[in-house]
Amino acid sequence: MIEEGKKRVWSEYQKEIPDDHYFYVRSCIRQSFFPGSEQFFLMFMNDVLGKDFYENPSHTTCTGIGYHADVVPFQTIQTVIARHFALMKEAGYKNIAISCVTSFGIYAEIIETWKHFPEELEKIREYLYKATGREFDVPETMAHTSDIIYKFRNEIAAKAKNLLINKKTGEQLKVVEHIGCHYAKIFPKYGIGGAEFPRVLSGMIEAWGGKVIDYPERRHCCGFGFRQYLVQANRGYSLSNTIKKFSSMQPYKPDLVITNCPGCTMFMDKWQYTMKEMEGTVYGENGESIPVLTYEELAGLVLGYNPWDLGLQYHMVQSEPLLRKMGIEYDPDDKYKTKDGRQMPIPQNLINV
Amino acid sequence: MYDMSYRVVVIGGGVAGMEAAAQLAGRGCKVTVFEKEAETGGHVKNWFHLFPDRKDSREVLKYLDNKINHSNITLLTGVPVERINTSNGLLSLFAGDGKEITADAVVIATGFDLFRSEKKEEYGYGIYENVISSADLEKMFRKGEIRKHDGSKPEKIGLVHCVGSRDEKVDNLYCSKLCCVTAVKQAMEIAEYIENAKVFCFYMDMRMGGAMYEELYREAQEEYGISFIRGKVSEVAPDINNKLIVKVEDTLTGRPLKMGIDLLVLMAGMEMSEGGKKIALSAGLDTGENRFFKPMDLHYASNKSNVDGVFYAGTCTMPMNITEAISHARAAAADVMDYLDSRTN
């Protein structure tokens with residue numbers, strides 16, 4: 001591997017990521033399945049770094065999953081996004097921070113459409129005004145929230161309590177980075193490092209002491225692929241793609257996977273359970289499955305936050321093997337307790353416990 | 001005695017430039033050839049054997065070197081032409097060494113640049129050591145050994161056609177015309193160098209339009225056992241043993257294909273040269289959609305430019321093989337002479 005070659009590619013795909021003052025939009029999947037990620041992001045940005053990330057409770061789904069399932073027409077989704085931009089304008093923001101990669105791809109597609117077809121933009125202005133009386137501006141900058149964590153990766157490294165190092169052996173942890181397809185494959189210029197050798201997650205891993213794994217199916221879909229999963233008859237196809245990815249990364253013995261996409265985290269996490277149930281197959285070492293984390297959860301662990309506050313217990317593949325490697329102390333008894341100490345139901349059939 | 005010879009400048013000392021200079025010198029013109037590199041010969045000097053007859057490229061260069069060794073030719077190597085000024089009915093050329101020279105006519109023979117294969121990021125050129133370009137392979141041929149980066153002998157070799165050609169993604173819609181036959185020639189040479197090598201060509205269409213090209217293609221299949229797979233490579237990545245995993249859609253079987261390859265050769269296409277672009281801009285010379293110099297007419301004025309006294313020779317106008325470049329250069333010389341004589345008369 002010629003590192004200089006990668007650096008050359010990265011240098012061609014840099015984007016402006018403002019330092020502060022964002023209108024923050026959540027992800028449907030992430031706030032449901034990995035709620036600690038967004039919570040950590042907002043807390044870290046606003047309370048620790050003292051930035052201004054504003055979210056508006058009137059923000060809705062972008063309808064991206066419906067769009068990719070062919071049940072939401074393009075003009076409808078454009079109008080929904082235009083409404084988000086109207087909320088942003090009303091709140092006085094010009095920068096948008098998007099938590100979801102599907103949404104990020106949608107926003108990029110719509111902004112590019114409006115650039116190339118201004119008449120479409122005028123039409124959507126009219127639709128939104130007629131439907132809601134609202135007006136909007138196109139954001140000046142658009143960042144995925146992984147772009148923002150990437151931007152502050154060195155600040156996180158400077159505050160790190162737990163690096164991506166195996167505390168017992170002293171070896172770097174081997175980390176698979178998986179980038180959501182809609183982050184840069186549609187419009188490489190919107191992604192840090194482009195589509196083929198994205199830098200956004202690998203930059204975090206290296207800054208936090210880990211070793212990035214490049215494996216043959218690195219660019220392959222996680223298995224979600226919308227219709228691969230949404231059409232029930234296709235789910236075997238969804239699963240077979242996930243198997244392809246995990247089989248390809250297995251020889252490198254990864255310690256963890258991080259992704260920047262809600263669907264990818266969900267499918268790479270939950271399909272490991274399915275693969276184990278269906279075939280008895282696990283892809284990690286010592287009969288364990290590979291923990292799949294979001295970049296915020298990983299940033300939280302690096303910064304020394306309690307894994308249960310970060311919501312790691314909501315994953316299907318449990319993270320205890322990773323926590324032990326990183327030397328992170330945790331209390332197993334607190335895992336399913338609320339903040340005020342009440343015991344929550346304990347899920348059955350979790351893996352890696 | 002006052003020298004009444006025409007003064008012609010040829011920009012570029014590749015095949016077309018050398019041939020045009022020789023033709024003009026032979027007709028009594030005083031010719032100055034500017035070559036930006038230290039040596040003449042253009043891309044051909046970096047090539048080993050030529051298609052379709054596998055002639056050693058040095059034979060062609062020897063022929064051209066002999067021709068430009070002429071008392072009417074002044075050869076300036078290592079000197080690029082930066083710009084041409086066409087105002088006041090004079091042709092003034094400004095060279096990289098700060099010199100200015102005026103001419104009665106100019107032949108532009110700036111040739112082509114090889115497509116920079118690293119622009120097709122999905123193939124990993126410049127990142128994965130065992131992904132090389134067709135030009136890199138020619139160097140290995142000249143050296144006499146084909147080796148992987150670790151020094152071992154490759155057993156499975158893939159050649160990817162149309163790298164930077166017929167590709168909207170890199171803004172090159174045109175066919176570079178010579179990559180198919182180059183791949184066939186290189187595949188056969190690989191098979192000769194490496195016993196029992198398995199060689200695969202991944203192509204979109206086989207465009208074997210030149211004399212003896214189709215025959216070469218047939219020979220590659222029948223005598224050399226080269227496998228031709230119709231499909232564009234979509235991505236390349238190494239596995240844990242540093243074998244390149246190549247993904248391609250086999251469009252004849254309609255199935256995706258994934259195979260491990262030891263050495264992958266990218267058949268880089270041809271692009272308008274950077275030097276040519278600068279000259280075009282300075283002199284107000286028209287360029288086409290393909291960014292090459294645009295001749296006045298593709299049928300009957302392929303050597304003429306839109307600027308009086310400026311002519312084109314060779315691959316600065318479009319991809320051409322050596323035969324075509326030499327013919328084009330001779331035609332350019334004929335057009336230059338017609339132009340100069342018509343001015344005098």
# chains A, B, ... in the order shown; residues from 1 in each chain; ligands from 1
$ interface_residues --of "chain B" --to "chain A" --cutoff "7 Å" --atoms "only C-alpha atoms" --output "PyMOL selection string"
chain B and resi 121-122+126-129+237-239+245
$ write_last_selection --atoms "C-alpha atoms" --output "PDB file, in the first residue's frame"
ATOM      1  CA  GLU B 121      -9.503   5.886  -8.294  1.00  0.00           C
ATOM      2  CA  GLU B 122     -11.390   2.597  -8.169  1.00  0.00           C
ATOM      3  CA  GLY B 126      -0.487   4.752  -7.284  1.00  0.00           C
ATOM      4  CA  ILE B 127      -1.949   3.146  -4.164  1.00  0.00           C
ATOM      5  CA  TYR B 128      -1.761  -0.609  -4.746  1.00  0.00           C
ATOM      6  CA  GLU B 129       1.769  -1.556  -5.817  1.00  0.00           C
ATOM      7  CA  ALA B 237      -8.647  -4.081  -3.714  1.00  0.00           C
ATOM      8  CA  PRO B 238      -5.901  -6.277  -2.290  1.00  0.00           C
ATOM      9  CA  ASP B 239      -6.619  -9.230  -0.015  1.00  0.00           C
ATOM     10  CA  ILE B 245      -9.246  -8.854  -5.995  1.00  0.00           C
TER      11      ILE B 245
END
$ residues_around --residues "Glu297 of chain A" --least-positions-apart "3" --cutoff "10 Å" --atoms "only C-alpha atoms" --output "PyMOL selection string"
chain A and resi 34-41+258+292-294+300-303+305+307+309-312
$ residues_around --residues "Leu50 of chain B" --least-positions-apart "4" --cutoff "12 Å" --atoms "only C-alpha atoms" --output "list in words"
His43, Val44, Lys45, Asn46, Arg54, Lys55, Asp56, Ser57, Arg58, Glu59, Val60, Leu61, Glu138, Phe141, Leu178, Val181, Thr182, Ala183, Val184, Lys185, Gln186, Glu189, Tyr213, Asn321, Ile322 and Thr323 of chain B
$ residues_around --residues "Thr253 of chain B" --least-positions-apart "3" --cutoff "12 Å" --atoms "only C-alpha atoms" --output "VMD selection string"
chain B and resid 229 to 231 248 to 250 256 to 257
$ select_by_dssp --residues "segment 185-309 of chain B" --states "strand (DSSP E)" --output "VMD selection string"
chain B and resid 198 to 203 227 to 230 233 to 238 244 to 250 255 to 261 263 to 268 270 to 272
$ closest_residue --among "B:Pro52, B:Val79, B:Ser282, B:Thr317" --to "Asp297 of chain B" --atoms "only C-alpha atoms"
B:Thr317
$ residues_around --residues "segment 269-278 of chain A" --least-positions-apart "3" --cutoff "9 Å" --atoms "only C-alpha atoms" --output "list in words"
Gly223, Leu239, Thr242, Ile243, Phe246, Cys264, Thr265, Met266, Thr281, Val282, Tyr283, Ser289, Ile290, Pro291, Val292, Leu293, His315, Met316, Val317, Asn349, Leu350 and Ile351 of chain A
$ select_by_dssp --residues "segment 130-263 of chain B" --states "helix (DSSP H, G or I)" --output "PyMOL selection string"
chain B and resi 134-143+168-170+179-193+213-222
$ atom_distance --atom1 "atom CA of Ala268 of chain B" --atom2 "atom CA of Ser165 of chain B"
7.9 Å
$ atom_distance --atom1 "atom CA of Leu256 of chain A" --atom2 "atom CA of Ser32 of chain A"
21.8 Å
$ atom_distance --atom1 "atom CA of Met267 of chain B" --atom2 "atom CA of Lys189 of chain A"
26.1 Å
$ closest_atom_pairs --of "segment 54-93 of chain B" --to "segment 23-31 of chain B" --cutoff "7 Å" --atoms "only C-alpha atoms" --output "CSV"
residue,atom,partner,partner_atom,distance
B:Asn72,CA,B:Lys30,CA,5.0
B:Ile73,CA,B:Val31,CA,4.8
B:Thr74,CA,B:Val31,CA,6.2
$ residues_around --residues "segment 97-100 of chain B" --least-positions-apart "4" --cutoff "9 Å" --atoms "only C-alpha atoms" --output "VMD selection string"
chain B and resid 79 to 81 92 to 93
$ write_last_selection --atoms "C-alpha atoms" --output "PDB file, in the first residue's frame"
ATOM      1  CA  VAL B  79      13.071  23.569 -24.491  1.00  0.00           C
ATOM      2  CA  PRO B  80       9.291  23.775 -24.328  1.00  0.00           C
ATOM      3  CA  VAL B  81       7.347  26.372 -26.295  1.00  0.00           C
ATOM      4  CA  SER B  92       6.268  34.694 -32.727  1.00  0.00           C
ATOM      5  CA  LEU B  93       7.066  31.801 -30.471  1.00  0.00           C
TER       6      LEU B  93
END
$ closest_residue --among "A:Trp114, A:Tyr22, A:Phe74, A:Tyr295" --to "Arg153 of chain A" --atoms "only C-alpha atoms"
A:Tyr295
$ decode --residues "segment 162-295 of chain A" --atoms "C-alpha atoms" --output "PDB file, in the first residue's frame"
ATOM      1  CA  ASN A 162      -8.802   5.317  26.280  1.00  0.00           C
ATOM      2  CA  LEU A 163      -6.936   4.962  23.025  1.00  0.00           C
ATOM      3  CA  LEU A 164      -7.632   2.295  20.443  1.00  0.00           C
ATOM      4  CA  ILE A 165      -4.872   0.143  21.883  1.00  0.00           C
ATOM      5  CA  ASN A 166      -5.132  -3.290  23.400  1.00  0.00           C
ATOM      6  CA  LYS A 167      -4.128  -2.494  26.958  1.00  0.00           C
ATOM      7  CA  LYS A 168      -2.860  -6.012  27.626  1.00  0.00           C
ATOM      8  CA  THR A 169      -0.735  -6.488  24.515  1.00  0.00           C
ATOM      9  CA  GLY A 170      -0.010  -2.863  23.676  1.00  0.00           C
ATOM     10  CA  GLU A 171      -1.015  -3.537  20.090  1.00  0.00           C
ATOM     11  CA  GLN A 172      -3.132  -1.178  18.029  1.00  0.00           C
ATOM     12  CA  LEU A 173      -6.730  -2.284  17.690  1.00  0.00           C
ATOM     13  CA  LYS A 174      -7.640  -3.348  14.168  1.00  0.00           C
ATOM     14  CA  VAL A 175     -10.630  -1.354  13.043  1.00  0.00           C
ATOM     15  CA  VAL A 176     -12.857  -1.814  10.026  1.00  0.00           C
ATOM     16  CA  GLU A 177     -14.299   1.466   8.805  1.00  0.00           C
ATOM     17  CA  HIS A 178     -17.499   1.179   6.843  1.00  0.00           C
ATOM     18  CA  ILE A 179     -18.818   4.213   5.017  1.00  0.00           C
ATOM     19  CA  GLY A 180     -22.488   4.431   4.105  1.00  0.00           C
ATOM     20  CA  CYS A 181     -22.883   4.214   0.323  1.00  0.00           C
ATOM     21  CA  HIS A 182     -24.858   7.455   0.121  1.00  0.00           C
ATOM     22  CA  TYR A 183     -22.168   9.430   1.940  1.00  0.00           C
ATOM     23  CA  ALA A 184     -19.892   9.868  -1.094  1.00  0.00           C
ATOM     24  CA  LYS A 185     -20.599   7.256  -3.756  1.00  0.00           C
ATOM     25  CA  ILE A 186     -23.282   9.446  -5.351  1.00  0.00           C
ATOM     26  CA  PHE A 187     -21.386  12.743  -5.075  1.00  0.00           C
ATOM     27  CA  PRO A 188     -17.729  12.076  -4.159  1.00  0.00           C
ATOM     28  CA  LYS A 189     -17.060  15.799  -3.715  1.00  0.00           C
ATOM     29  CA  TYR A 190     -19.345  15.900  -0.669  1.00  0.00           C
ATOM     30  CA  GLY A 191     -17.310  13.279   1.206  1.00  0.00           C
ATOM     31  CA  ILE A 192     -14.001  13.779   2.977  1.00  0.00           C
ATOM     32  CA  GLY A 193     -11.519  11.747   0.939  1.00  0.00           C
ATOM     33  CA  GLY A 194     -14.010  10.973  -1.838  1.00  0.00           C
ATOM     34  CA  ALA A 195     -15.786   7.703  -2.548  1.00  0.00           C
ATOM     35  CA  GLU A 196     -13.034   5.181  -3.175  1.00  0.00           C
ATOM     36  CA  PHE A 197     -10.693   5.936  -0.264  1.00  0.00           C
ATOM     37  CA  PRO A 198     -12.854   7.888   2.181  1.00  0.00           C
ATOM     38  CA  ARG A 199     -10.910   9.556   4.942  1.00  0.00           C
ATOM     39  CA  VAL A 200     -13.702  10.532   7.264  1.00  0.00           C
ATOM     40  CA  LEU A 201     -13.602   7.467   9.532  1.00  0.00           C
ATOM     41  CA  SER A 202     -10.063   6.271   8.865  1.00  0.00           C
ATOM     42  CA  GLY A 203      -8.868   9.706   9.975  1.00  0.00           C
ATOM     43  CA  MET A 204     -10.639   9.259  13.319  1.00  0.00           C
ATOM     44  CA  ILE A 205      -9.299   5.739  13.818  1.00  0.00           C
ATOM     45  CA  GLU A 206      -5.716   6.802  13.203  1.00  0.00           C
ATOM     46  CA  ALA A 207      -6.043   9.915  15.347  1.00  0.00           C
ATOM     47  CA  TRP A 208      -7.295   7.767  18.213  1.00  0.00           C
ATOM     48  CA  GLY A 209      -4.491   5.226  17.949  1.00  0.00           C
ATOM     49  CA  GLY A 210      -6.105   2.397  15.952  1.00  0.00           C
ATOM     50  CA  LYS A 211      -5.089   0.623  12.783  1.00  0.00           C
ATOM     51  CA  VAL A 212      -7.381   0.782   9.771  1.00  0.00           C
ATOM     52  CA  ILE A 213      -8.072  -2.432   7.900  1.00  0.00           C
ATOM     53  CA  ASP A 214      -8.351  -2.354   4.117  1.00  0.00           C
ATOM     54  CA  TYR A 215     -10.038  -5.556   2.973  1.00  0.00           C
ATOM     55  CA  PRO A 216     -11.351  -6.609  -0.453  1.00  0.00           C
ATOM     56  CA  GLU A 217     -15.037  -5.871   0.235  1.00  0.00           C
ATOM     57  CA  ARG A 218     -14.366  -2.592   2.012  1.00  0.00           C
ATOM     58  CA  ARG A 219     -16.544  -0.664  -0.425  1.00  0.00           C
ATOM     59  CA  HIS A 220     -19.330  -3.231  -0.539  1.00  0.00           C
ATOM     60  CA  CYS A 221     -22.815  -2.426   0.717  1.00  0.00           C
ATOM     61  CA  CYS A 222     -23.548  -3.401   4.335  1.00  0.00           C
ATOM     62  CA  GLY A 223     -26.509  -5.418   3.113  1.00  0.00           C
ATOM     63  CA  PHE A 224     -29.283  -2.912   3.793  1.00  0.00           C
ATOM     64  CA  GLY A 225     -29.537  -1.531   0.279  1.00  0.00           C
ATOM     65  CA  PHE A 226     -33.158  -0.437   0.874  1.00  0.00           C
ATOM     66  CA  ARG A 227     -35.074  -2.721  -1.456  1.00  0.00           C
ATOM     67  CA  GLN A 228     -32.768  -5.619  -0.645  1.00  0.00           C
ATOM     68  CA  TYR A 229     -34.261  -5.497   2.784  1.00  0.00           C
ATOM     69  CA  LEU A 230     -37.524  -3.590   2.477  1.00  0.00           C
ATOM     70  CA  VAL A 231     -38.953  -6.112   0.028  1.00  0.00           C
ATOM     71  CA  GLN A 232     -39.322  -9.104   2.288  1.00  0.00           C
ATOM     72  CA  ALA A 233     -38.639 -11.604  -0.477  1.00  0.00           C
ATOM     73  CA  ASN A 234     -35.229  -9.994  -1.019  1.00  0.00           C
ATOM     74  CA  ARG A 235     -33.974 -10.307   2.526  1.00  0.00           C
ATOM     75  CA  GLY A 236     -31.828 -13.327   1.715  1.00  0.00           C
ATOM     76  CA  TYR A 237     -30.013 -11.061  -0.708  1.00  0.00           C
ATOM     77  CA  SER A 238     -29.544  -8.470   2.005  1.00  0.00           C
ATOM     78  CA  LEU A 239     -28.080 -11.090   4.326  1.00  0.00           C
ATOM     79  CA  SER A 240     -25.839 -12.605   1.653  1.00  0.00           C
ATOM     80  CA  ASN A 241     -24.248  -9.202   1.072  1.00  0.00           C
ATOM     81  CA  THR A 242     -23.524  -8.829   4.768  1.00  0.00           C
ATOM     82  CA  ILE A 243     -22.011 -12.317   4.825  1.00  0.00           C
ATOM     83  CA  LYS A 244     -19.824 -11.338   1.883  1.00  0.00           C
ATOM     84  CA  LYS A 245     -18.496  -8.344   3.814  1.00  0.00           C
ATOM     85  CA  PHE A 246     -17.846 -10.160   7.066  1.00  0.00           C
ATOM     86  CA  SER A 247     -16.205 -13.135   5.296  1.00  0.00           C
ATOM     87  CA  SER A 248     -13.909 -10.704   3.537  1.00  0.00           C
ATOM     88  CA  MET A 249     -12.853  -8.852   6.709  1.00  0.00           C
ATOM     89  CA  GLN A 250     -12.569 -11.977   8.882  1.00  0.00           C
ATOM     90  CA  PRO A 251      -8.938 -12.918   7.993  1.00  0.00           C
ATOM     91  CA  TYR A 252      -7.782  -9.530   9.299  1.00  0.00           C
ATOM     92  CA  LYS A 253      -9.243 -10.335  12.748  1.00  0.00           C
ATOM     93  CA  PRO A 254     -10.860  -6.940  13.333  1.00  0.00           C
ATOM     94  CA  ASP A 255     -11.494  -5.833  16.887  1.00  0.00           C
ATOM     95  CA  LEU A 256     -14.394  -3.614  15.913  1.00  0.00           C
ATOM     96  CA  VAL A 257     -16.307  -2.037  13.060  1.00  0.00           C
ATOM     97  CA  ILE A 258     -17.321   1.598  12.955  1.00  0.00           C
ATOM     98  CA  THR A 259     -19.714   3.059  10.441  1.00  0.00           C
ATOM     99  CA  ASN A 260     -21.087   6.510   9.722  1.00  0.00           C
ATOM    100  CA  CYS A 261     -24.478   5.348   8.492  1.00  0.00           C
ATOM    101  CA  PRO A 262     -27.539   4.415  10.539  1.00  0.00           C
ATOM    102  CA  GLY A 263     -28.572   1.526   8.279  1.00  0.00           C
ATOM    103  CA  CYS A 264     -25.042   0.156   8.149  1.00  0.00           C
ATOM    104  CA  THR A 265     -24.626   0.132  11.920  1.00  0.00           C
ATOM    105  CA  MET A 266     -27.996  -1.541  12.278  1.00  0.00           C
ATOM    106  CA  PHE A 267     -27.503  -4.203   9.634  1.00  0.00           C
ATOM    107  CA  MET A 268     -23.889  -5.029  10.370  1.00  0.00           C
ATOM    108  CA  ASP A 269     -24.846  -5.344  14.023  1.00  0.00           C
ATOM    109  CA  LYS A 270     -28.128  -7.203  13.779  1.00  0.00           C
ATOM    110  CA  TRP A 271     -27.325  -9.480  10.854  1.00  0.00           C
ATOM    111  CA  GLN A 272     -24.429 -10.893  12.896  1.00  0.00           C
ATOM    112  CA  TYR A 273     -27.049 -12.223  15.268  1.00  0.00           C
ATOM    113  CA  THR A 274     -28.968 -13.681  12.338  1.00  0.00           C
ATOM    114  CA  MET A 275     -25.871 -15.264  10.819  1.00  0.00           C
ATOM    115  CA  LYS A 276     -25.041 -16.832  14.130  1.00  0.00           C
ATOM    116  CA  GLU A 277     -28.573 -18.144  14.566  1.00  0.00           C
ATOM    117  CA  MET A 278     -28.897 -19.427  11.006  1.00  0.00           C
ATOM    118  CA  GLU A 279     -25.456 -20.873  10.416  1.00  0.00           C
ATOM    119  CA  GLY A 280     -23.715 -20.787  13.762  1.00  0.00           C
ATOM    120  CA  THR A 281     -21.143 -18.474  12.174  1.00  0.00           C
ATOM    121  CA  VAL A 282     -19.265 -15.757  14.028  1.00  0.00           C
ATOM    122  CA  TYR A 283     -16.685 -13.532  12.395  1.00  0.00           C
ATOM    123  CA  GLY A 284     -14.655 -12.303  15.329  1.00  0.00           C
ATOM    124  CA  GLU A 285     -12.000 -14.121  17.308  1.00  0.00           C
ATOM    125  CA  ASN A 286     -12.565 -16.530  20.223  1.00  0.00           C
ATOM    126  CA  GLY A 287     -16.067 -17.450  19.086  1.00  0.00           C
ATOM    127  CA  GLU A 288     -17.211 -13.850  19.413  1.00  0.00           C
ATOM    128  CA  SER A 289     -18.948 -11.533  16.989  1.00  0.00           C
ATOM    129  CA  ILE A 290     -17.472  -8.168  16.064  1.00  0.00           C
ATOM    130  CA  PRO A 291     -18.869  -5.113  17.859  1.00  0.00           C
ATOM    131  CA  VAL A 292     -20.248  -2.517  15.439  1.00  0.00           C
ATOM    132  CA  LEU A 293     -20.202   1.034  16.784  1.00  0.00           C
ATOM    133  CA  THR A 294     -21.121   4.445  15.565  1.00  0.00           C
ATOM    134  CA  TYR A 295     -18.315   7.000  15.389  1.00  0.00           C
TER     135      TYR A 295
END
